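Asker: Enclosed is the structure file query_13.txt (compact mmCIF, C-alpha atoms).
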# COMPACT_ATOMS: atom_id res chain seq x y z
CA MET F 1 -10.37 -8.16 15.13
CA LYS F 2 -9.49 -7.34 11.52
CA THR F 3 -11.58 -4.77 9.68
CA THR F 4 -13.28 -6.26 6.67
CA VAL F 5 -12.96 -3.20 4.50
CA ARG F 6 -14.63 -4.44 1.38
CA ILE F 7 -17.82 -5.43 3.12
CA LEU F 8 -18.13 -2.11 4.94
CA LEU F 9 -17.69 -0.21 1.72
CA SER F 10 -20.02 -2.49 -0.19
CA ILE F 11 -22.71 -2.00 2.42
CA TYR F 12 -22.27 1.76 2.39
CA PHE F 13 -22.45 1.72 -1.37
CA ILE F 14 -25.74 -0.11 -1.56
CA ILE F 15 -27.34 2.57 0.59
CA MET F 16 -27.19 4.72 -2.55
CA LEU F 17 -29.75 2.49 -4.22
CA SER F 18 -32.44 4.10 -2.08
CA MET F 19 -31.47 7.60 -3.22
CA PRO F 20 -33.08 9.53 -6.09
CA GLY F 21 -31.47 8.75 -9.42
CA TYR F 22 -30.04 5.43 -8.36
CA ALA F 23 -32.99 3.31 -7.26
CA PHE F 24 -34.82 0.86 -9.51
CA ALA F 25 -37.94 2.89 -8.92
CA ALA F 26 -37.22 5.46 -6.26
CA SER F 27 -40.85 6.27 -5.57
CA ALA F 28 -41.56 2.58 -4.92
CA LEU F 29 -38.82 2.09 -2.37
CA SER F 30 -40.02 1.64 1.18
CA PRO F 31 -38.49 4.24 3.51
CA PHE F 32 -36.86 1.35 5.40
CA GLN F 33 -35.65 -0.50 2.28
CA THR F 34 -32.02 -0.31 1.18
CA GLY F 35 -32.48 -1.20 -2.47
CA TRP F 36 -33.29 -3.77 -5.14
CA THR F 37 -31.47 -7.00 -5.88
CA GLN F 38 -29.65 -7.45 -9.18
CA ALA F 39 -30.71 -10.26 -11.50
CA ILE F 40 -28.46 -13.31 -11.84
CA PRO F 41 -26.47 -12.98 -15.11
CA ASP F 42 -27.27 -15.30 -17.97
CA GLY F 43 -25.46 -18.61 -17.78
CA TYR F 44 -24.80 -18.60 -14.04
CA LEU F 45 -27.28 -21.41 -13.42
CA LYS F 46 -25.64 -23.65 -16.03
CA GLU F 47 -22.65 -25.88 -15.36
CA ALA F 48 -19.37 -24.01 -14.88
CA GLY F 49 -16.07 -25.00 -16.40
CA LYS F 50 -14.51 -25.57 -12.99
CA GLN F 51 -16.89 -27.45 -10.76
CA GLY F 52 -16.89 -28.10 -7.04
CA ARG F 53 -18.43 -31.21 -5.55
CA VAL F 54 -21.18 -31.94 -3.04
CA ILE F 55 -20.63 -34.61 -0.38
CA ARG F 56 -23.43 -36.04 1.75
CA ILE F 57 -22.24 -36.59 5.34
CA LYS F 58 -23.64 -38.06 8.55
CA TYR F 59 -22.88 -36.71 12.01
CA ASN F 60 -23.90 -37.46 15.58
CA SER F 61 -26.36 -35.11 17.27
CA ARG F 62 -29.29 -35.14 19.70
CA ASP F 63 -33.02 -34.81 19.34
CA TYR F 64 -33.04 -31.37 20.97
CA ALA F 65 -36.71 -30.73 20.19
CA GLY F 66 -37.69 -34.20 21.40
CA ASP F 67 -36.39 -36.43 24.17
CA GLY F 68 -32.76 -35.30 23.85
CA GLY F 69 -31.62 -38.77 22.82
CA SER F 70 -28.72 -39.51 20.51
CA ILE F 71 -29.49 -39.40 16.78
CA GLU F 72 -27.62 -39.37 13.48
CA LYS F 73 -28.20 -36.42 11.20
CA THR F 74 -27.47 -35.56 7.57
CA ALA F 75 -25.86 -32.56 5.90
CA CYS F 76 -24.61 -31.84 2.38
CA VAL F 77 -21.21 -30.17 2.06
CA TYR F 78 -20.06 -28.25 -1.02
CA LEU F 79 -16.29 -28.24 -1.56
CA PRO F 80 -15.05 -25.72 -4.16
CA TYR F 81 -13.04 -26.63 -7.23
CA GLY F 82 -9.43 -27.28 -6.24
CA TYR F 83 -10.18 -28.27 -2.66
CA ASN F 84 -7.46 -30.68 -1.53
CA ALA F 85 -7.90 -32.65 1.68
CA ASP F 86 -4.11 -32.94 2.01
CA ASP F 87 -3.57 -29.18 1.73
CA THR F 88 -3.86 -28.04 5.33
CA LYS F 89 -2.43 -24.58 4.62
CA THR F 90 -5.30 -23.37 2.45
CA ARG F 91 -8.28 -22.33 4.56
CA TYR F 92 -11.83 -21.63 3.47
CA ASP F 93 -14.67 -19.42 4.66
CA ILE F 94 -17.83 -21.37 5.42
CA PHE F 95 -21.50 -20.63 4.75
CA TYR F 96 -24.31 -22.67 6.33
CA VAL F 97 -27.64 -22.42 4.46
CA MET F 98 -30.93 -23.81 5.79
CA HIS F 99 -33.99 -25.03 3.87
CA GLY F 100 -37.59 -24.01 4.54
CA LEU F 101 -40.73 -25.79 5.70
CA SER F 102 -40.95 -29.46 4.58
CA GLY F 103 -37.42 -29.32 3.20
CA THR F 104 -34.47 -31.63 3.79
CA ALA F 105 -30.70 -31.39 3.81
CA ASP F 106 -30.64 -32.58 0.19
CA GLU F 107 -32.95 -29.86 -1.11
CA PHE F 108 -30.60 -26.90 -1.55
CA PHE F 109 -28.13 -28.58 -3.87
CA GLY F 110 -30.61 -31.01 -5.41
CA ILE F 111 -33.52 -28.90 -6.60
CA ASN F 112 -33.81 -27.53 -10.16
CA GLY F 113 -31.10 -29.82 -11.50
CA GLY F 114 -28.43 -28.53 -9.13
CA ALA F 115 -28.96 -24.83 -9.84
CA ALA F 116 -27.48 -23.75 -6.51
CA LYS F 117 -24.25 -25.66 -7.13
CA ASN F 118 -24.00 -24.21 -10.63
CA LEU F 119 -24.53 -20.71 -9.24
CA ILE F 120 -21.78 -21.08 -6.65
CA ASP F 121 -19.42 -22.72 -9.15
CA ASN F 122 -19.90 -19.83 -11.57
CA MET F 123 -19.60 -17.13 -8.92
CA ILE F 124 -16.28 -18.59 -7.82
CA GLU F 125 -15.02 -19.16 -11.36
CA LYS F 126 -15.90 -15.62 -12.44
CA GLY F 127 -14.37 -14.04 -9.35
CA ASN F 128 -17.58 -12.80 -7.72
CA ILE F 129 -16.67 -14.61 -4.49
CA HIS F 130 -13.67 -16.40 -3.04
CA PRO F 131 -13.75 -20.21 -2.98
CA MET F 132 -15.72 -21.26 0.08
CA ILE F 133 -17.27 -24.29 1.76
CA ILE F 134 -21.07 -24.37 1.88
CA VAL F 135 -23.08 -26.62 4.19
CA ALA F 136 -26.75 -27.47 3.69
CA PRO F 137 -28.01 -29.04 6.95
CA THR F 138 -31.52 -29.68 8.25
CA PHE F 139 -33.28 -28.67 11.44
CA ASP F 140 -35.34 -31.88 11.33
CA ALA F 141 -34.16 -34.85 13.38
CA GLU F 142 -35.26 -37.35 10.70
CA ASN F 143 -34.33 -35.33 7.57
CA LYS F 144 -37.88 -35.75 6.29
CA PRO F 145 -40.63 -33.30 5.29
CA GLN F 146 -42.66 -32.46 8.40
CA GLU F 147 -45.79 -30.49 9.24
CA PHE F 148 -45.60 -26.94 10.54
CA SER F 149 -45.81 -27.42 14.32
CA ARG F 150 -42.98 -29.93 14.40
CA ALA F 151 -40.81 -27.83 12.08
CA ASP F 152 -41.43 -24.80 14.30
CA SER F 153 -40.22 -26.66 17.40
CA GLU F 154 -37.17 -28.01 15.55
CA VAL F 155 -36.21 -24.55 14.29
CA ARG F 156 -36.28 -23.11 17.81
CA GLN F 157 -33.77 -25.69 19.03
CA PHE F 158 -31.46 -25.98 16.05
CA HIS F 159 -28.99 -23.50 17.54
CA LEU F 160 -27.97 -26.27 19.96
CA ASP F 161 -27.33 -28.74 17.13
CA PHE F 162 -25.35 -26.09 15.26
CA LEU F 163 -23.10 -25.24 18.19
CA ASN F 164 -22.64 -28.64 19.80
CA ASP F 165 -22.71 -31.00 16.85
CA LEU F 166 -22.82 -29.63 13.30
CA MET F 167 -19.98 -27.10 13.48
CA PRO F 168 -17.55 -29.50 15.18
CA ALA F 169 -18.45 -32.30 12.76
CA VAL F 170 -17.92 -30.21 9.63
CA GLU F 171 -15.10 -27.93 10.70
CA GLY F 172 -13.22 -30.74 12.38
CA LYS F 173 -13.05 -32.48 9.01
CA TYR F 174 -12.77 -29.74 6.38
CA HIS F 175 -10.25 -26.92 6.19
CA THR F 176 -11.99 -23.84 7.54
CA TYR F 177 -10.35 -21.01 9.50
CA SER F 178 -11.11 -22.69 12.82
CA LYS F 179 -7.93 -24.17 14.28
CA GLY F 180 -9.93 -26.85 16.10
CA VAL F 181 -13.41 -27.66 17.34
CA SER F 182 -13.29 -26.18 20.82
CA LYS F 183 -15.70 -23.34 21.48
CA LYS F 184 -12.75 -20.95 21.68
CA ASP F 185 -11.46 -22.07 18.29
CA LEU F 186 -14.90 -21.62 16.78
CA MET F 187 -15.32 -18.19 18.40
CA ASP F 188 -11.92 -17.05 17.16
CA SER F 189 -12.93 -17.86 13.57
CA ARG F 190 -16.37 -16.13 13.57
CA ASP F 191 -15.23 -13.61 10.93
CA HIS F 192 -15.07 -16.49 8.45
CA ARG F 193 -18.50 -17.98 9.13
CA ALA F 194 -21.96 -17.14 7.75
CA PHE F 195 -25.45 -18.52 8.21
CA GLY F 196 -28.45 -18.06 5.97
CA GLY F 197 -31.77 -19.64 5.13
CA PHE F 198 -34.99 -19.29 3.21
CA SER F 199 -38.50 -19.10 4.73
CA MET F 200 -38.31 -21.20 7.93
CA GLY F 201 -34.60 -21.31 7.20
CA SER F 202 -34.72 -17.54 7.56
CA VAL F 203 -36.39 -17.96 10.95
CA THR F 204 -33.56 -20.34 11.81
CA THR F 205 -31.06 -17.69 10.73
CA TRP F 206 -32.54 -15.08 13.07
CA MET F 207 -32.37 -17.65 15.88
CA GLN F 208 -28.66 -18.12 15.19
CA PHE F 209 -28.19 -14.38 15.59
CA CYS F 210 -30.01 -14.49 18.93
CA TYR F 211 -28.04 -17.45 20.28
CA ASN F 212 -24.79 -17.87 18.36
CA SER F 213 -23.51 -14.40 17.47
CA ASP F 214 -20.21 -15.32 19.15
CA TYR F 215 -19.64 -17.82 16.34
CA ILE F 216 -21.18 -16.19 13.26
CA ARG F 217 -20.46 -12.81 11.72
CA TYR F 218 -22.60 -12.83 8.55
CA TYR F 219 -26.33 -13.52 8.26
CA LEU F 220 -28.61 -13.99 5.26
CA PRO F 221 -32.28 -14.25 6.37
CA MET F 222 -34.31 -14.71 3.16
CA SER F 223 -38.08 -14.22 3.18
CA GLY F 224 -38.72 -14.74 6.86
CA ALA F 225 -38.77 -12.70 10.07
CA CYS F 226 -37.49 -13.37 13.57
CA TRP F 227 -39.85 -15.64 15.52
CA TYR F 228 -38.13 -15.62 18.87
CA TYR F 229 -41.39 -14.11 20.13
CA GLY F 230 -44.51 -15.16 18.28
CA GLY F 231 -44.46 -16.96 14.96
CA TYR F 232 -46.27 -17.29 11.68
CA GLY F 233 -49.42 -15.18 11.79
CA SER F 234 -48.34 -13.68 15.12
CA SER F 235 -45.59 -11.27 14.20
CA ARG F 236 -44.23 -9.32 17.14
CA PRO F 237 -41.70 -6.96 15.54
CA VAL F 238 -41.26 -4.68 18.55
CA GLU F 239 -40.45 -7.47 21.02
CA ASN F 240 -38.21 -9.25 18.52
CA SER F 241 -36.37 -6.05 17.67
CA ASP F 242 -35.95 -5.37 21.38
CA LEU F 243 -34.24 -8.74 21.69
CA LEU F 244 -32.08 -8.23 18.60
CA GLU F 245 -31.05 -4.81 19.90
CA LYS F 246 -30.19 -6.30 23.29
CA THR F 247 -28.13 -9.00 21.55
CA VAL F 248 -26.13 -6.32 19.72
CA ARG F 249 -25.61 -4.30 22.88
CA ASP F 250 -24.83 -7.15 25.29
CA ASN F 251 -22.39 -8.82 22.88
CA LYS F 252 -20.81 -5.55 21.70
CA LEU F 253 -21.50 -6.57 18.12
CA ASN F 254 -21.26 -3.08 16.67
CA GLU F 255 -17.67 -3.03 17.85
CA ARG F 256 -16.84 -6.66 17.03
CA GLY F 257 -18.59 -6.58 13.67
CA TYR F 258 -21.65 -8.28 12.20
CA PHE F 259 -23.65 -7.99 8.99
CA ILE F 260 -27.28 -8.89 8.25
CA TYR F 261 -28.44 -8.97 4.64
CA ALA F 262 -32.23 -9.32 4.98
CA CYS F 263 -34.26 -9.76 1.81
CA THR F 264 -37.59 -10.73 0.33
CA GLY F 265 -39.65 -10.25 -2.83
CA THR F 266 -42.32 -7.69 -3.57
CA ASN F 267 -44.77 -10.54 -4.31
CA ASP F 268 -43.59 -12.83 -1.52
CA THR F 269 -46.39 -14.17 0.69
CA LEU F 270 -44.30 -13.42 3.79
CA ARG F 271 -43.25 -9.93 2.77
CA GLY F 272 -45.66 -8.35 5.27
CA GLU F 273 -44.01 -9.81 8.37
CA VAL F 274 -40.53 -9.11 7.04
CA ASP F 275 -41.49 -5.50 6.28
CA LEU F 276 -42.81 -5.03 9.81
CA GLN F 277 -39.61 -6.27 11.38
CA MET F 278 -37.27 -4.32 9.12
CA LYS F 279 -39.31 -1.15 9.60
CA GLU F 280 -38.95 -1.53 13.36
CA MET F 281 -35.22 -2.23 13.09
CA TYR F 282 -34.71 0.68 10.70
CA ALA F 283 -36.27 3.03 13.25
CA ARG F 284 -33.45 2.10 15.66
CA LYS F 285 -30.67 3.57 13.52
CA ASN F 286 -28.31 4.10 16.41
CA THR F 287 -28.12 0.32 16.88
CA PHE F 288 -28.84 -1.17 13.45
CA THR F 289 -26.57 1.06 11.40
CA PRO F 290 -26.29 0.78 7.58
CA ASP F 291 -22.89 -0.87 7.81
CA HIS F 292 -24.43 -3.71 9.82
CA VAL F 293 -28.00 -4.18 8.55
CA VAL F 294 -29.45 -3.81 5.03
CA TYR F 295 -32.81 -4.77 3.54
CA PHE F 296 -33.15 -5.62 -0.15
CA MET F 297 -36.13 -6.66 -2.25
CA LYS F 298 -36.45 -8.56 -5.50
CA ASP F 299 -38.84 -6.74 -7.82
CA GLY F 300 -41.62 -9.22 -8.57
CA GLY F 301 -39.98 -11.85 -6.38
CA ALA F 302 -42.23 -14.59 -5.03
CA HIS F 303 -41.76 -17.09 -2.21
CA ASP F 304 -39.79 -19.49 -4.39
CA TYR F 305 -36.44 -21.09 -5.14
CA SER F 306 -35.51 -18.73 -7.98
CA SER F 307 -35.81 -15.77 -5.62
CA GLU F 308 -33.61 -17.55 -3.09
CA MET F 309 -30.93 -18.00 -5.76
CA GLU F 310 -31.02 -14.28 -6.58
CA TYR F 311 -30.67 -13.33 -2.91
CA ILE F 312 -27.63 -15.59 -2.56
CA TYR F 313 -26.10 -14.13 -5.73
CA ASN F 314 -26.46 -10.61 -4.33
CA ALA F 315 -25.44 -11.28 -0.73
CA LEU F 316 -22.43 -13.60 -0.90
CA PRO F 317 -20.10 -11.05 -2.55
CA LEU F 318 -20.60 -8.88 0.55
CA PHE F 319 -19.46 -11.66 2.89
CA PHE F 320 -15.92 -12.75 3.77
CA THR F 321 -14.17 -9.75 2.32
CA GLU F 322 -10.44 -9.29 2.53
CA GLU F 323 -8.33 -6.19 3.14
CA THR F 324 -6.93 -5.78 -0.35
CA ALA F 325 -6.18 -2.75 -2.48
CA GLU F 326 -9.20 -3.39 -4.68
CA THR F 327 -12.12 -3.30 -2.29
CA ALA F 328 -15.27 -3.36 -4.37
CA VAL F 329 -16.80 -3.27 -7.85
CA TYR F 330 -20.09 -1.44 -8.27
CA LYS F 331 -22.74 -1.03 -10.93
CA ILE F 332 -23.42 2.69 -11.20
CA TYR F 333 -26.80 2.38 -12.91
CA SER F 334 -29.94 0.96 -11.33
CA ASN F 335 -31.87 -2.11 -12.46
CA PHE F 336 -34.47 0.15 -14.03
CA GLU F 337 -31.89 2.09 -16.04
CA GLN F 338 -30.15 -1.09 -17.14
CA LYS F 339 -33.44 -2.56 -18.36
CA LYS F 340 -34.13 0.56 -20.44
CA ASP F 341 -30.58 0.62 -21.80
CA PRO F 342 -28.75 -2.75 -21.50
CA SER F 343 -25.43 -1.12 -22.43
CA LYS F 344 -25.40 0.49 -18.99
CA LYS F 345 -24.64 -2.93 -17.49
CA GLU F 346 -21.11 -2.46 -18.85
CA ALA F 347 -20.38 0.60 -16.70
CA GLU F 348 -18.60 -0.34 -13.47
CA LEU F 349 -16.86 1.57 -10.70
CA TYR F 350 -13.87 0.09 -8.86
CA PHE F 351 -12.96 1.39 -5.41
CA TYR F 352 -9.48 1.51 -3.84
CA LYS F 353 -9.63 2.60 -0.22
CA GLY F 354 -7.42 5.28 1.24
CA LYS F 355 -7.68 7.06 4.58
CA LYS F 356 -11.07 7.59 6.17
CA GLY F 357 -12.50 10.92 5.04
CA ALA F 358 -9.63 11.66 2.67
CA ASP F 359 -10.28 13.32 -0.70
CA SER F 360 -11.53 11.13 -3.53
CA ARG F 361 -9.94 10.70 -6.96
CA LEU F 362 -11.62 9.33 -10.09
CA TYR F 363 -9.56 7.76 -12.87
CA THR F 364 -10.35 6.44 -16.34
CA GLY F 365 -8.39 4.91 -19.19
CA GLU F 366 -5.96 2.02 -19.47
CA ASP F 367 -3.65 3.41 -16.78
CA GLY F 368 -6.51 4.20 -14.40
CA LYS F 369 -5.98 1.17 -12.18
CA ALA F 370 -2.26 1.83 -11.72
CA LYS F 371 -2.96 5.47 -10.85
CA ALA F 372 -5.71 4.48 -8.41
CA ILE F 373 -3.54 1.98 -6.57
CA GLU F 374 -0.80 4.53 -6.22
CA ALA F 375 -3.28 7.18 -5.03
CA SER F 376 -4.70 4.80 -2.42
CA LYS F 377 -1.19 4.17 -1.11
CA GLN F 378 -0.87 7.91 -0.65
CA GLY F 379 -4.06 7.93 1.39
CA TYR F 380 -6.57 9.11 -1.21
CA ASN F 381 -9.82 7.23 -1.80
CA ALA F 382 -9.45 6.26 -5.43
CA PHE F 383 -12.08 5.13 -7.93
CA VAL F 384 -11.57 3.69 -11.41
CA LEU F 385 -14.38 3.91 -13.94
CA LYS F 386 -14.83 1.24 -16.58
CA SER F 387 -17.05 3.15 -18.98
CA ARG F 388 -18.95 2.20 -22.11
CA SER F 389 -17.48 2.72 -25.55
CA GLY F 390 -18.34 5.92 -27.34
CA GLU F 391 -17.46 9.46 -26.32
CA LYS F 392 -21.01 10.47 -25.37
CA LYS F 393 -21.69 7.34 -23.31
CA ALA F 394 -18.31 7.56 -21.58
CA ALA F 395 -19.02 11.16 -20.59
CA GLU F 396 -22.42 10.15 -19.20
CA ASP F 397 -20.79 7.34 -17.20
CA ARG F 398 -18.20 9.68 -15.74
CA GLU F 399 -20.87 12.18 -14.71
CA ARG F 400 -22.87 9.41 -12.99
CA ALA F 401 -19.77 8.01 -11.24
CA ALA F 402 -18.81 11.46 -9.98
CA ALA F 403 -22.34 12.06 -8.70
CA PHE F 404 -22.35 8.73 -6.89
CA ILE F 405 -19.08 9.53 -5.11
CA ASN F 406 -20.05 13.07 -4.12
CA ASP F 407 -23.59 12.15 -3.08
CA ASN F 408 -22.44 9.32 -0.81
CA THR F 409 -19.34 10.61 0.94
CA GLU F 410 -20.89 10.10 4.38
CA TYR F 411 -21.77 6.47 3.71
CA LEU F 412 -18.47 5.65 2.01
CA ASN F 413 -16.34 7.52 4.56
CA VAL F 414 -14.63 9.45 1.78
CA GLY F 415 -14.11 13.11 0.96
CA LYS F 416 -15.46 14.96 -2.06
CA LEU F 417 -14.06 14.28 -5.51
CA LYS F 418 -11.10 16.57 -6.22
CA ASN F 419 -10.22 15.79 -9.84
So that I can check it, write out the structure of this file as structure tokens.
Answerer:
Amino acid sequence: MKTTVRILLSIYFIIMLSMPGYAFAASALSPFQTGWTQAIPDGYLKEAGKQGRVIRIKYNSRDYAGDGGSIEKTACVYLPYGYNADDTKTRYDIFYVMHGLSGTADEFFGINGGAAKNLIDNMIEKGNIHPMIIVAPTFDAENKPQEFSRADSEVRQFHLDFLNDLMPAVEGKYHTYSKGVSKKDLMDSRDHRAFGGFSMGSVTTWMQFCYNSDYIRYYLPMSGACWYYGGYGSSRPVENSDLLEKTVRDNKLNERGYFIYACTGTNDTLRGEVDLQMKEMYARKNTFTPDHVVYFMKDGGAHDYSSEMEYIYNALPLFFTEETAETAVYKIYSNFEQKKDPSKKEAELYFYKGKKGADSRLYTGEDGKAKAIEASKQGYNAFVLKSRSGEKKAAEDRERAAAFINDNTEYLNVGKLKN
């Protein structure tokens, strides 16, 4: 199994957001919260120059929550700009994203004038993420808004649809990393597959982790807890965390690799149940380590579509990372500091991985990148600072970057800064 270096380092980095001096409002951070989400940049929800396309497909499935009879279901598939059906050599990571209560397969890409599609188009065009395929399915057999009890029963059985019907239908047609549609082929390509969802889609996501961790490496549960035991209004965080811990242990996931980016908003109506679960998981640090599980909040975030877009913007860059020289780009100032001084948004820190625990080097200037790449080849953990203009501001940026590196050596698996 390849090591996805960039994601490990990105996860370790975001742990620093909960530390004094880096957090949006350190005193307001929950002791089991990793940090705060970053706002979507201006223009990302408008049409991009290079646009992908969304295709509505039908596929054969079964009414798993009903009589088990044959049915036809709907899903919407996003294909990135440049996708060519005849190009079988180019392969794409795939992200499945599920709607919430009373939603349909058409909701994700259709609501707010196609904001989700615009966001993904822009993130790809601007280099935030690699081109990927995104699938918006539905847990409902009829693809219609339904009342709670039916949706709850559908959610609990969707893992069967996903494994037996949806994955083969989509990945047998489009160019993902799966060589075929056998269960072995789909297992072998789990590093290139993610599942996420909002509200009851988040519940669906936790169910996928419980049932289909052999096929999915990355998880994005947004504003919803695990309901394997209990449900809405009957949160059972201890029993659910017991099950999640057993899933990690029995499937050797800490060794094979997995990543859960859990998130919600400070004003979200379901924050309470999410908090309870993440607090329980955080207490089991030997199992749910920071390189596998993080918990972010949107300051002021409600239980709404705009919050979902922000969660996706923050999480997707941490998925499907490649082993390249340049492993991550970080903002060194918190949301709070950037709001007080917008120029601090310009300061960025680039990381080039060397050997685990090796000394760190920090470079600046036009030749900084070349020096960092060479240092990483020699085994050093190299950082390049893109600082703000002005001697005073540049000095402040370098001091902050150096503090970040030295304060987080354990999480980054790097040695102290030596230059």
Asker: Residues of segment 82-184 of chain F that have any atom at most 6 Å from an atom of segment 40-47 of chain F: could you tabulate them with the shortest-distance atom pair and the distance in Å to one decimal, using all atoms listed in the file, ordered by chain and increasing number, as JSON lines?
Answerer:
{"residue": "F:Ala115", "atom": "CA", "partner": "F:Leu45", "partner_atom": "CA", "distance": 5.2}
{"residue": "F:Asn118", "atom": "CA", "partner": "F:Leu45", "partner_atom": "CA", "distance": 5.1}
{"residue": "F:Leu119", "atom": "CA", "partner": "F:Leu45", "partner_atom": "CA", "distance": 5.1}
{"residue": "F:Asn122", "atom": "CA", "partner": "F:Tyr44", "partner_atom": "CA", "distance": 5.6}
Asker: Calculated over only C-alpha atoms, which of the candidates F:Lys393, F:His159, F:Lys371, F:Lys50 has the smallest distance to Met123 of chain F?
Answerer: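 Of F:Lys393, F:His159, F:Lys371, F:Lys50, the one nearest Met123 of chain F, counting only C-alpha atoms, is F:Lys50.
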Asker: Give me, please, the distance in Å between atom CA of Thr74 of chain F and atom CA of Ala136 of chain F, quoted to one decimal.
Answerer: 9.0 Å
Asker: Smallest atom-to-atom distance to Met98 of chain F: which of F:Leu166, F:Met200, F:Leu362, F:Ala328, using all atoms listed in the file?
Answerer: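 So, comparing all the options, the nearest one is F:Met200.
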Asker: Tell me which of F:Gly390, F:Ala315, F:Arg217, F:Val155 sits closest to Ser343 of chain F, counting only C-alpha atoms.
Answerer: F:Gly390
Asker: Enter the distance from atom CA of Val384 of chain F to atom CA of Lys345 of chain F, in Å, rounded to one decimal.
Answerer: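 So the answer is 15.9 Å.
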Asker: Which residue is closest to Thr247 of chain F? Choose from F:Pro221, F:Asp93, F:Gln277, F:Cys210 and count all atoms listed in the file.
Answerer: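 For Thr247 of chain F, the nearest of the given residues is F:Cys210.
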Asker: Atom CA of Tyr363 of chain F and atom CA of Ser376 of chain F are how many Å apart?
Answerer: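 Atom CA of Tyr363 of chain F sits 11.9 Å away from atom CA of Ser376 of chain F.
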